[in-house]
file input-v4.cif (mmCIF, C-alpha atoms)
data_run
loop_
_atom_site.label_atom_id
_atom_site.label_comp_id
_atom_site.auth_asym_id
_atom_site.auth_seq_id
_atom_site.Cartn_x
_atom_site.Cartn_y
_atom_site.Cartn_z
CA MET A 2 0.09 -28.61 27.28
CA SER A 3 -2.08 -25.48 27.32
CA PHE A 4 -0.48 -22.63 25.43
CA ASN A 5 -3.03 -20.18 26.86
CA GLN A 6 -1.41 -20.31 30.31
CA SER A 7 0.96 -17.36 30.15
CA GLY A 8 1.44 -16.85 33.88
CA GLU A 9 -0.29 -13.46 33.55
CA ARG A 10 -3.09 -12.69 35.96
CA ASP A 11 -6.53 -12.43 34.35
CA LYS A 12 -7.28 -8.83 33.78
CA LEU A 13 -8.80 -6.27 31.52
CA LEU A 14 -6.40 -3.69 30.22
CA VAL A 15 -8.05 -0.37 30.88
CA LEU A 16 -6.77 2.29 28.53
CA ARG A 17 -7.47 5.48 30.47
CA SER A 18 -8.53 8.66 28.73
CA HIS A 19 -5.88 11.36 28.65
CA THR A 20 -6.64 15.00 29.29
CA GLN A 21 -4.42 16.25 26.48
CA PRO A 22 -6.08 16.04 23.05
CA THR A 23 -2.73 15.28 21.40
CA HIS A 24 -2.56 11.91 23.16
CA SER A 25 -4.51 8.83 22.23
CA ALA A 26 -5.91 6.36 24.72
CA ILE A 27 -3.89 3.72 22.88
CA ASN A 28 -0.13 3.67 22.73
CA ALA A 29 1.40 5.10 19.58
CA SER A 30 2.80 1.84 18.22
CA LEU A 31 -0.44 -0.04 18.73
CA ALA A 32 -2.46 2.82 17.30
CA SER A 33 -0.43 2.80 14.10
CA GLU A 34 -1.02 -0.93 13.78
CA LEU A 35 -4.75 -0.48 14.34
CA VAL A 36 -4.98 2.24 11.74
CA HIS A 37 -3.02 0.14 9.27
CA MET A 38 -5.27 -2.87 9.75
CA SER A 39 -8.52 -0.89 9.73
CA GLN A 40 -10.31 -0.74 6.43
CA PRO A 41 -10.82 1.30 4.37
CA SER A 42 -8.48 4.27 4.11
CA PHE A 43 -10.52 7.46 4.26
CA PRO A 44 -10.82 9.61 1.13
CA THR A 45 -8.80 12.81 1.19
CA SER A 46 -9.90 16.11 -0.35
CA SER A 47 -8.00 15.20 -3.54
CA ASP A 48 -9.90 11.92 -3.86
CA PRO A 49 -12.95 12.05 -6.20
CA ARG A 50 -14.90 10.09 -3.54
CA PHE A 51 -14.49 12.93 -1.05
CA ASP A 52 -16.76 15.30 -2.96
CA ALA A 53 -19.53 12.68 -3.06
CA LEU A 54 -19.17 12.05 0.68
CA VAL A 55 -19.34 15.73 1.60
CA LYS A 56 -22.51 16.10 -0.48
CA GLY A 57 -24.05 13.13 1.32
CA LYS A 58 -24.07 10.93 -1.75
CA LEU A 59 -23.20 7.27 -2.15
CA ILE A 60 -20.02 6.39 -4.00
CA SER A 61 -20.77 4.61 -7.26
CA TYR A 62 -19.69 1.15 -6.15
CA GLU A 63 -21.87 1.32 -3.01
CA HIS A 64 -25.15 1.20 -4.91
CA LEU A 65 -24.85 -2.56 -5.33
CA TRP A 66 -24.96 -3.06 -1.55
CA VAL A 67 -27.96 -0.74 -1.28
CA SER A 68 -29.74 -2.89 -3.86
CA TYR A 69 -29.17 -5.95 -1.67
CA HIS A 70 -30.49 -4.25 1.49
CA PRO A 71 -34.19 -5.30 1.14
CA PHE A 72 -33.26 -8.92 0.43
CA LEU A 73 -30.83 -9.13 3.33
CA LEU A 74 -33.30 -7.50 5.71
CA SER A 75 -35.97 -10.02 4.63
CA LYS A 76 -33.53 -12.74 5.69
CA GLY A 77 -32.97 -11.15 9.10
CA TYR A 78 -29.81 -9.10 8.53
CA ARG A 79 -29.71 -5.29 8.71
CA LEU A 80 -26.93 -3.35 7.01
CA ARG A 81 -25.57 -0.12 8.47
CA PRO A 82 -27.76 3.00 7.95
CA ARG A 83 -25.65 4.19 5.01
CA TYR A 84 -26.82 1.25 2.93
CA ASP A 85 -30.53 1.65 3.66
CA PRO A 86 -32.35 2.73 0.47
CA ASN A 87 -33.95 5.58 2.47
CA TRP A 88 -30.67 6.82 3.93
CA GLN A 89 -30.18 10.52 4.54
CA PRO A 90 -26.79 11.68 5.84
CA SER A 91 -26.93 12.42 9.56
CA TRP A 92 -24.82 15.57 9.06
CA LYS A 93 -27.22 16.98 6.45
CA ASP A 94 -28.61 19.78 8.66
CA CYS A 95 -25.45 20.29 10.72
CA ASN A 96 -23.27 23.36 10.53
CA LEU A 97 -19.89 21.80 9.81
CA SER A 98 -16.82 23.95 10.38
CA SER A 99 -14.84 21.83 7.90
CA PRO A 100 -15.80 19.28 5.24
CA HIS A 101 -13.62 16.76 7.08
CA ASP A 102 -16.02 16.96 10.03
CA ILE A 103 -18.27 14.45 8.25
CA PHE A 104 -15.91 11.74 9.52
CA ASP A 105 -17.28 12.43 13.00
CA TYR A 106 -20.48 10.73 11.81
CA GLU A 107 -20.73 6.95 11.57
CA ASP A 108 -22.67 6.95 8.30
CA SER A 109 -19.78 8.65 6.48
CA LEU A 110 -17.74 5.45 6.77
CA THR A 111 -17.58 3.64 3.45
CA LEU A 112 -16.46 0.29 2.17
CA SER A 113 -13.39 -0.02 -0.01
CA LYS A 114 -13.87 -0.20 -3.75
CA GLY A 115 -14.42 -3.77 -4.86
CA ALA A 116 -15.25 -4.96 -1.33
CA VAL A 117 -16.89 -8.40 -1.39
CA ALA A 118 -17.85 -8.33 2.29
CA ILE A 119 -19.90 -6.04 4.48
CA ASP A 120 -20.91 -6.01 8.12
CA ALA A 121 -24.48 -6.28 9.38
CA ARG A 122 -26.53 -6.89 12.50
CA ARG A 123 -28.55 -10.06 12.88
CA VAL A 124 -32.02 -8.74 13.67
CA ALA A 125 -32.95 -11.61 15.99
CA ASP A 126 -30.22 -10.90 18.56
CA ASN A 127 -28.28 -7.84 17.26
CA ARG A 128 -25.18 -9.97 16.73
CA HIS A 129 -22.48 -8.27 14.68
CA VAL A 130 -21.71 -10.41 11.62
CA ILE A 131 -19.94 -10.31 8.27
CA LEU A 132 -21.69 -11.07 4.99
CA LYS A 133 -19.44 -12.18 2.15
CA LYS A 134 -20.84 -12.14 -1.38
CA ILE A 135 -19.72 -15.10 -3.52
CA LYS A 136 -20.98 -17.06 -6.50
CA ALA A 137 -23.62 -19.59 -5.52
CA SER A 138 -22.00 -22.11 -7.86
CA SER A 139 -18.45 -21.55 -6.56
CA GLU A 140 -16.04 -24.07 -5.12
CA GLU A 141 -15.61 -21.63 -2.23
CA LEU A 142 -19.23 -22.12 -1.17
CA ARG A 143 -19.04 -25.88 -1.58
CA ILE A 144 -15.95 -26.10 0.65
CA ALA A 145 -17.44 -23.70 3.20
CA LYS A 146 -20.52 -25.90 3.44
CA ILE A 147 -18.40 -29.02 3.92
CA LEU A 148 -16.33 -27.47 6.69
CA SER A 149 -19.38 -25.99 8.46
CA SER A 150 -21.48 -29.17 8.33
CA GLU A 151 -21.44 -32.02 10.83
CA PRO A 152 -19.43 -33.88 11.86
CA LEU A 153 -16.64 -31.51 10.76
CA ALA A 154 -18.21 -28.37 12.22
CA SER A 155 -18.05 -29.58 15.83
CA ASP A 156 -14.57 -31.10 15.58
CA PRO A 157 -12.30 -29.06 17.92
CA ARG A 158 -9.47 -29.33 15.38
CA ASN A 159 -11.52 -27.42 12.83
CA HIS A 160 -10.21 -23.85 12.85
CA THR A 161 -12.00 -22.55 9.79
CA VAL A 162 -14.31 -19.59 10.31
CA PRO A 163 -17.80 -20.78 11.36
CA ILE A 164 -20.52 -20.29 8.74
CA LEU A 165 -23.62 -19.10 10.61
CA ASP A 166 -25.96 -18.92 7.64
CA ILE A 167 -26.06 -19.05 3.85
CA LEU A 168 -28.39 -16.71 1.95
CA TYR A 169 -29.18 -17.45 -1.70
CA HIS A 170 -30.25 -14.46 -3.75
CA PRO A 171 -33.26 -15.37 -5.95
CA ASP A 172 -32.28 -13.41 -9.06
CA ASP A 173 -28.53 -13.84 -9.39
CA ASN A 174 -25.91 -16.56 -9.13
CA VAL A 175 -25.11 -14.96 -5.79
CA ALA A 176 -24.95 -16.25 -2.24
CA PHE A 177 -24.01 -14.52 0.99
CA ILE A 178 -22.15 -16.50 3.62
CA VAL A 179 -22.73 -15.17 7.13
CA MET A 180 -19.76 -15.31 9.53
CA PRO A 181 -18.93 -13.88 12.96
CA ILE A 182 -16.90 -10.70 12.90
CA LEU A 183 -13.25 -11.45 13.72
CA LEU A 184 -9.97 -9.62 14.31
CA HIS A 185 -6.74 -10.14 12.46
CA MET A 186 -4.53 -12.34 14.62
CA ASN A 187 -1.92 -9.59 15.14
CA PHE A 188 -4.34 -6.65 15.42
CA LEU A 189 -3.67 -6.62 19.16
CA PRO A 190 -0.15 -7.42 20.37
CA PHE A 191 1.10 -10.75 21.67
CA ARG A 192 2.52 -10.31 25.19
CA ARG A 193 3.88 -13.78 26.04
CA LEU A 194 5.58 -16.47 24.01
CA GLY A 195 2.86 -18.90 25.13
CA GLU A 196 0.18 -16.75 23.51
CA PHE A 197 1.89 -16.97 20.14
CA ALA A 198 2.56 -20.69 20.64
CA ASN A 199 -1.15 -21.17 21.28
CA ALA A 200 -2.01 -19.34 18.06
CA MET A 201 0.47 -21.34 15.98
CA HIS A 202 -0.68 -24.60 17.56
CA GLN A 203 -4.24 -23.85 16.47
CA TYR A 204 -3.24 -22.79 12.95
CA LEU A 205 -1.05 -25.88 12.48
CA THR A 206 -3.80 -28.14 13.81
CA GLY A 207 -6.40 -26.41 11.66
CA LEU A 208 -4.30 -26.77 8.51
CA GLN A 209 -3.65 -30.41 9.34
CA PHE A 210 -7.40 -30.91 9.78
CA MET A 211 -8.13 -29.44 6.34
CA HIS A 212 -5.42 -31.57 4.73
CA GLU A 213 -6.80 -34.72 6.34
CA HIS A 214 -10.05 -33.95 4.53
CA ASN A 215 -8.14 -33.41 1.28
CA ILE A 216 -8.67 -29.63 1.29
CA ALA A 217 -5.77 -27.36 0.38
CA HIS A 218 -6.38 -23.79 1.52
CA ARG A 219 -3.93 -22.31 -1.02
CA ASP A 220 -3.89 -18.94 0.75
CA ALA A 221 -2.81 -19.79 4.32
CA CYS A 222 -1.18 -16.39 4.55
CA PHE A 223 -0.85 -13.50 6.98
CA PHE A 224 -4.09 -11.63 6.30
CA ASN A 225 -6.25 -14.76 6.35
CA LEU A 226 -5.34 -15.66 9.93
CA MET A 227 -7.88 -14.36 12.42
CA VAL A 228 -8.79 -14.49 16.10
CA ASP A 229 -12.04 -14.19 18.07
CA ALA A 230 -13.31 -10.63 18.43
CA THR A 231 -13.92 -11.23 22.17
CA LEU A 232 -10.51 -9.60 22.77
CA ILE A 233 -12.39 -6.29 22.52
CA PRO A 234 -15.39 -6.86 24.83
CA GLY A 235 -17.34 -3.78 23.77
CA GLY A 236 -16.95 -4.48 20.08
CA PHE A 237 -15.54 -2.30 17.31
CA HIS A 238 -16.55 -0.71 14.02
CA TYR A 239 -15.97 -2.75 10.88
CA CYS A 240 -14.47 0.20 8.97
CA ARG A 241 -12.63 1.72 11.96
CA LYS A 242 -11.49 -1.17 14.06
CA TYR A 243 -9.78 1.11 16.56
CA LYS A 244 -13.17 2.74 17.28
CA ALA A 245 -16.24 1.52 19.17
CA PRO A 246 -19.27 0.27 17.19
CA ASP A 247 -20.51 3.86 16.85
CA GLY A 248 -17.49 4.55 14.61
CA VAL A 249 -16.56 7.69 16.55
CA THR A 250 -15.79 6.82 20.17
CA GLN A 251 -12.43 5.28 21.03
CA TRP A 252 -12.81 1.87 22.67
CA LYS A 253 -10.77 1.79 25.87
CA ILE A 254 -10.89 -1.78 27.11
CA TRP A 255 -9.30 -4.83 25.58
CA LYS A 256 -8.29 -8.20 26.94
CA GLU A 257 -4.95 -9.88 26.85
CA ARG A 258 -5.16 -13.25 25.14
CA SER A 259 -4.31 -15.10 28.34
CA ALA A 260 -7.37 -13.55 29.98
CA VAL A 261 -9.76 -15.06 27.41
CA GLU A 262 -10.76 -18.62 28.13
CA SER A 263 -10.77 -20.94 25.10
CA LEU A 264 -9.67 -18.22 22.69
CA ARG A 265 -10.06 -19.51 19.14
CA TYR A 266 -8.02 -18.72 16.03
CA HIS A 267 -9.51 -19.13 12.56
CA TYR A 268 -8.72 -19.38 8.86
CA ILE A 269 -10.80 -17.29 6.50
CA ASP A 270 -11.15 -16.88 2.71
CA PHE A 271 -11.55 -20.11 0.76
CA GLY A 272 -11.72 -18.40 -2.63
CA LEU A 273 -8.64 -20.29 -3.86
CA SER A 274 -9.20 -23.51 -1.91
CA ARG A 275 -9.67 -26.88 -3.53
CA GLN A 276 -10.74 -30.31 -2.36
CA TYR A 277 -9.02 -33.25 -4.02
CA SER A 278 -9.61 -37.00 -4.02
CA THR A 279 -6.55 -37.47 -1.79
CA ASN A 280 -3.84 -35.38 -0.15
CA LEU A 281 -0.98 -37.53 -1.47
CA GLY A 282 0.68 -37.11 -4.83
CA ILE A 283 -1.58 -34.23 -5.88
CA LEU A 284 -0.23 -31.81 -8.46
CA ASP A 285 -2.00 -28.62 -9.51
CA VAL A 286 -1.16 -25.27 -11.08
CA GLY A 287 -1.89 -21.66 -10.24
CA ILE A 288 -0.55 -18.80 -8.12
CA SER A 289 -1.71 -19.35 -4.57
CA GLY A 290 -2.71 -16.34 -2.51
CA GLN A 291 -0.91 -13.38 -0.97
CA ASP A 292 2.53 -14.95 -0.58
CA GLN A 293 4.19 -15.03 -3.97
CA SER A 294 7.57 -16.14 -2.63
CA CYS A 295 6.85 -19.87 -2.72
CA PRO A 296 9.41 -21.19 -5.25
CA GLU A 297 7.33 -23.93 -6.89
CA GLN A 298 4.22 -21.86 -7.65
CA SER A 299 3.52 -21.82 -11.37
CA LEU A 300 0.70 -21.29 -13.83
CA THR A 301 2.00 -24.05 -16.06
CA ILE A 302 4.17 -26.48 -14.06
CA PRO A 303 2.16 -28.63 -11.61
CA TYR A 304 3.13 -28.58 -7.92
CA ASP A 305 1.83 -29.98 -4.63
CA PRO A 306 -0.66 -27.45 -3.14
CA PHE A 307 -0.50 -29.10 0.29
CA LYS A 308 3.24 -28.43 0.49
CA THR A 309 2.56 -24.85 -0.55
CA ASP A 310 0.15 -24.43 2.37
CA ILE A 311 2.93 -25.51 4.72
CA TYR A 312 5.32 -23.01 3.14
CA GLN A 313 2.80 -20.18 3.47
CA LEU A 314 2.10 -20.78 7.17
CA GLY A 315 5.82 -21.21 7.84
CA ASN A 316 6.47 -17.85 6.22
CA VAL A 317 3.93 -16.26 8.57
CA MET A 318 5.95 -17.64 11.48
CA LEU A 319 9.12 -16.10 10.08
CA GLN A 320 7.35 -12.76 9.53
CA MET A 321 6.31 -12.72 13.18
CA VAL A 322 9.81 -13.64 14.34
CA LYS A 323 11.08 -10.56 12.50
CA LYS A 324 8.35 -8.41 14.02
CA TYR A 325 8.77 -9.47 17.67
CA ASP A 326 11.68 -9.74 20.07
CA GLY A 327 11.44 -13.03 21.94
CA LEU A 328 10.01 -15.31 19.23
CA GLU A 329 13.40 -16.51 17.97
CA CYS A 330 12.65 -20.11 18.99
CA PHE A 331 10.11 -20.26 16.16
CA SER A 332 12.76 -19.63 13.51
CA PRO A 333 13.74 -23.33 13.19
CA MET A 334 10.08 -24.26 12.74
CA GLY A 335 9.48 -21.60 10.11
CA GLU A 336 12.69 -22.47 8.29
CA ALA A 337 11.80 -26.18 8.27
CA MET A 338 8.41 -25.32 6.74
CA THR A 339 9.84 -23.03 4.04
CA ARG A 340 12.66 -25.13 2.58
CA GLN A 341 13.08 -24.48 -1.13
CA ARG A 342 12.47 -28.10 -2.13
CA PRO A 343 8.86 -29.03 -1.23
CA GLU A 344 9.74 -32.66 -0.49
CA GLU A 345 12.23 -31.50 2.16
CA ARG A 346 9.73 -29.39 4.12
CA ALA A 347 8.73 -30.51 7.59
CA SER A 348 5.31 -32.09 7.90
CA LEU A 349 2.67 -30.43 10.05
CA SER A 350 3.03 -33.29 12.54
CA ASP A 351 6.78 -32.64 12.77
CA VAL A 352 6.25 -28.94 13.46
CA LEU A 353 3.58 -29.66 16.08
CA ALA A 354 6.07 -31.97 17.79
CA MET A 355 8.66 -29.17 17.81
CA LEU A 356 6.07 -26.81 19.24
CA ASN A 357 5.10 -29.24 21.97
CA ASN A 358 8.75 -29.43 23.06
CA LEU A 359 8.71 -25.84 24.26
CA LYS A 360 9.30 -25.67 28.00
CA PRO A 361 6.77 -24.14 30.44
CA ARG A 362 9.29 -21.48 31.44
CA GLN A 363 9.67 -20.48 27.78
CA LEU A 364 5.92 -20.06 27.40
CA LYS A 365 5.89 -17.48 30.21
CA GLN A 366 8.55 -15.31 28.62
CA ARG A 367 7.65 -11.82 27.48
CA VAL A 368 7.66 -10.98 23.78
CA TRP A 369 7.76 -7.46 22.41
CA ASP A 370 6.75 -5.87 19.16
CA LYS A 371 10.04 -4.40 17.92
CA GLU A 372 8.33 -1.06 17.31
CA ASN A 373 7.51 -0.70 21.03
CA PRO A 374 9.78 1.94 22.61
CA LYS A 375 11.81 1.05 25.67
CA VAL A 376 9.63 3.12 28.00
CA MET A 377 6.52 1.27 26.87
CA ARG A 378 8.12 -2.08 27.57
CA PHE A 379 9.16 -0.90 31.02
CA CYS A 380 5.63 0.22 31.94
CA ILE A 381 3.98 -2.93 30.63
CA LYS A 382 6.49 -5.14 32.42
CA TYR A 383 6.31 -3.44 35.81
CA PHE A 384 2.81 -1.95 35.84
CA GLY A 385 1.06 -4.78 33.98
CA THR A 386 -1.02 -2.48 31.84
CA ASN A 387 -1.01 -0.23 28.81
CA LEU A 388 -0.96 3.48 29.57
CA PRO A 389 -1.85 6.32 27.21
CA CYS A 390 1.29 7.10 25.27
CA GLY A 391 1.75 10.48 26.94
CA GLU A 392 1.90 8.86 30.37
CA TYR A 393 4.76 6.45 29.61
CA ASN A 394 7.38 9.18 29.62
CA ILE A 395 5.92 10.72 32.79
CA VAL A 396 6.12 7.42 34.68
CA TYR A 397 9.54 6.49 33.32
CA SER A 398 11.06 9.94 33.96
CA SER A 399 9.75 9.94 37.52
CA LEU A 400 11.35 6.58 38.20
CA VAL A 401 14.66 7.73 36.77
CA LEU A 402 14.62 10.79 39.02
CA ILE A 403 13.83 8.69 42.09
CA GLU A 404 16.70 6.34 41.27
CA ALA A 405 19.08 9.27 40.79
CA CYS A 406 18.19 10.64 44.22
#

call {"tool": "encode", "arguments": {"input": "input-v4.cif", "output": "structure tokens"}}
result
Amino acid sequence: MSFNQSGERDKLLVLRSHTQPTHSAINASLASELVHMSQPSFPTSSDPRFDALVKGKLISYEHLWVSYHPFLLSKGYRLRPRYDPNWQPSWKDCNLSSPHDIFDYEDSLTLSKGAVAIDARRVADNRHVILKKIKASSEELRIAKILSSEPLASDPRNHTVPILDILYHPDDNVAFIVMPILLHMNFLPFRRLGEFANAMHQYLTGLQFMHEHNIAHRDACFFNLMVDATLIPGGFHYCRKYKAPDGVTQWKIWKERSAVESLRYHYIDFGLSRQYSTNLGILDVGISGQDQSCPEQSLTIPYDPFKTDIYQLGNVMLQMVKKYDGLECFSPMGEAMTRQRPEERASLSDVLAMLNNLKPRQLKQRVWDKENPKVMRFCIKYFGTNLPCGEYNIVYSSLVLIEAC
């Protein structure tokens, strides 16, 4: 069964520019989600970082990335202009009407404090990539190398983020793993039940694949579940994901998942992952990842980390059921994966079997983010596209008037 067949015609969703400056080219609900997911939050005038930005200075924690610039460039990866040692702010000689106008310039966009990853361009082909800084001696790097080496790397059941390159810094116990830039799996909305089923099928299969190789992810949680960035054909800015690569222009075209052939979903972040000698009877300690609700997690009492992975992914399912109308059929799966007693939780094979029992007619059903207003749902359903938010009410009101006549 192919969960990517949603019954929707292949199309690009063209988000048309609106003449009124108060309206975005993206609907209000989606825009709020994009802003929420975009990193980092921008400093306000009360933030100590704001003064440094206005003066065209680096924030203290950015100097480390500047120090890595020559090394990374020597390896074929160019950081954004802000992190070039010779950087001068592009707004330096501009007559700004307000200090906040600096955010109209790409090189004002900063990383969050403590960020361990940064975006770059691969010089050879200008590919947009992510560089994550980790310890060269870490278990994270060892596991990443295992999962990105043959024969595991080419196995279609492997849904861990591809490692494109590994750069070892000569002076520190530091390595940079190079990965493709990805989107969070819910950054753009699901439109059909089959699209979400496809995502969950890949995440379940990917977790099963890791477990078969005795690897427990230990953080199989909401923010570590990603999807190919091909959903936004023109690309996006790493720090402003709702903007084009220039960091200023609004991107206006994105693809529905059903319009992308062989769309892939990925796990990221193996900072807590462990590989064991077996996946049976393993007991370990420690708090695992973002989801702290798993009942058996403990710093002192050993528990089965493979069962915890199942709980974490099941909880993601339940989160999405709460977020969307139309995903209620996933509740039994999520509940089976999150039973309080680990030994009573459904196996990944059991959940995949439940997933495969979904009927073709179910897969074609619409699903709706619960924050979407009624008028937005109407326009998407009957016009097959997303309109600028200001146009939904115009279309809907016109139809109501016609009906009344």

call {"tool": "atom_distance", "arguments": {"input": "input-v4.cif", "atom1": "atom CA of A:Ala347", "atom2": "atom CA of A:Ala145"}}
result
27.4 Å

call {"tool": "closest_residue", "arguments": {"input": "input-v4.cif", "among": "A:Ser61, A:Asn127, A:Ser299, A:Gln363", "to": "A:Leu80", "atoms": "all atoms listed in the file"}}
result
A:Asn127

call {"tool": "resolve_selection", "arguments": {"input": "input-v4.cif", "expression": "the PyMOL selection byres ((chain A and resi 304-316) around 6)", "output": "PyMOL selection string"}}
result
chain A and resi 217+219+221-222+283-285+303+317-319+335+338-339+343

call {"tool": "atom_distance", "arguments": {"input": "input-v4.cif", "atom1": "atom CA of A:His218", "atom2": "atom CA of A:Glu297"}}
result
16.1 Å

call {"tool": "resolve_selection", "arguments": {"input": "input-v4.cif", "expression": "the PyMOL selection byres ((chain A and resi 273) around 10)", "output": "ChimeraX atom specification"}}
result
/A:140-141,217-220,270-272,274-275,287-290

call {"tool": "write_last_selection", "arguments": {"input": "input-v4.cif", "atoms": "C-alpha atoms", "output": "mmCIF file, in the frame of the given file"}}
result
data_model
loop_
_atom_site.group_PDB
_atom_site.id
_atom_site.type_symbol
_atom_site.label_atom_id
_atom_site.label_comp_id
_atom_site.auth_asym_id
_atom_site.auth_seq_id
_atom_site.Cartn_x
_atom_site.Cartn_y
_atom_site.Cartn_z
ATOM 1 C CA GLU A 140 -16.040 -24.070 -5.120
ATOM 2 C CA GLU A 141 -15.610 -21.630 -2.230
ATOM 3 C CA ALA A 217 -5.770 -27.360 0.380
ATOM 4 C CA HIS A 218 -6.380 -23.790 1.520
ATOM 5 C CA ARG A 219 -3.930 -22.310 -1.020
ATOM 6 C CA ASP A 220 -3.890 -18.940 0.750
ATOM 7 C CA ASP A 270 -11.150 -16.880 2.710
ATOM 8 C CA PHE A 271 -11.550 -20.110 0.760
ATOM 9 C CA GLY A 272 -11.720 -18.400 -2.630
ATOM 10 C CA SER A 274 -9.200 -23.510 -1.910
ATOM 11 C CA ARG A 275 -9.670 -26.880 -3.530
ATOM 12 C CA GLY A 287 -1.890 -21.660 -10.240
ATOM 13 C CA ILE A 288 -0.550 -18.800 -8.120
ATOM 14 C CA SER A 289 -1.710 -19.350 -4.570
ATOM 15 C CA GLY A 290 -2.710 -16.340 -2.510
#

call {"tool": "atom_distance", "arguments": {"input": "input-v4.cif", "atom1": "atom CA of A:Leu183", "atom2": "atom CA of A:Ala230"}}
result
4.8 Å

call {"tool": "closest_residue", "arguments": {"input": "input-v4.cif", "among": "A:Leu353, A:Gln341, A:Ile216, A:Ser68", "to": "A:Gln298", "atoms": "only C-alpha atoms"}}
result
A:Gln341

call {"tool": "resolve_selection", "arguments": {"input": "input-v4.cif", "expression": "the PyMOL selection byres ((chain A and resi 213) around 12)", "output": "compact mmCIF listing (two decimals) with C-alpha atoms, in the coordinates of the input"}}
result
# COMPACT_ATOMS: atom_id res chain seq x y z
CA LEU A 148 -16.33 -27.47 6.69
CA LEU A 153 -16.64 -31.51 10.76
CA ARG A 158 -9.47 -29.33 15.38
CA ASN A 159 -11.52 -27.42 12.83
CA THR A 206 -3.80 -28.14 13.81
CA GLY A 207 -6.40 -26.41 11.66
CA LEU A 208 -4.30 -26.77 8.51
CA GLN A 209 -3.65 -30.41 9.34
CA PHE A 210 -7.40 -30.91 9.78
CA MET A 211 -8.13 -29.44 6.34
CA HIS A 212 -5.42 -31.57 4.73
CA HIS A 214 -10.05 -33.95 4.53
CA ASN A 215 -8.14 -33.41 1.28
CA ILE A 216 -8.67 -29.63 1.29
CA ALA A 217 -5.77 -27.36 0.38
CA HIS A 218 -6.38 -23.79 1.52
CA GLN A 276 -10.74 -30.31 -2.36
CA TYR A 277 -9.02 -33.25 -4.02
CA SER A 278 -9.61 -37.00 -4.02
CA THR A 279 -6.55 -37.47 -1.79
CA ASN A 280 -3.84 -35.38 -0.15
CA LEU A 281 -0.98 -37.53 -1.47
CA PHE A 307 -0.50 -29.10 0.29
CA LEU A 349 2.67 -30.43 10.05
CA SER A 350 3.03 -33.29 12.54

call {"tool": "residues_around", "arguments": {"input": "input-v4.cif", "residues": "A:Tyr266", "least_positions_apart": "2", "cutoff": "10 Å", "atoms": "all atoms listed in the file", "output": "count of residues only"}}
result
23

call {"tool": "closest_residue", "arguments": {"input": "input-v4.cif", "among": "A:Asp156, A:Asp94, A:Asp126, A:Asp120", "to": "A:Ile178", "atoms": "all atoms listed in the file"}}
result
A:Asp120
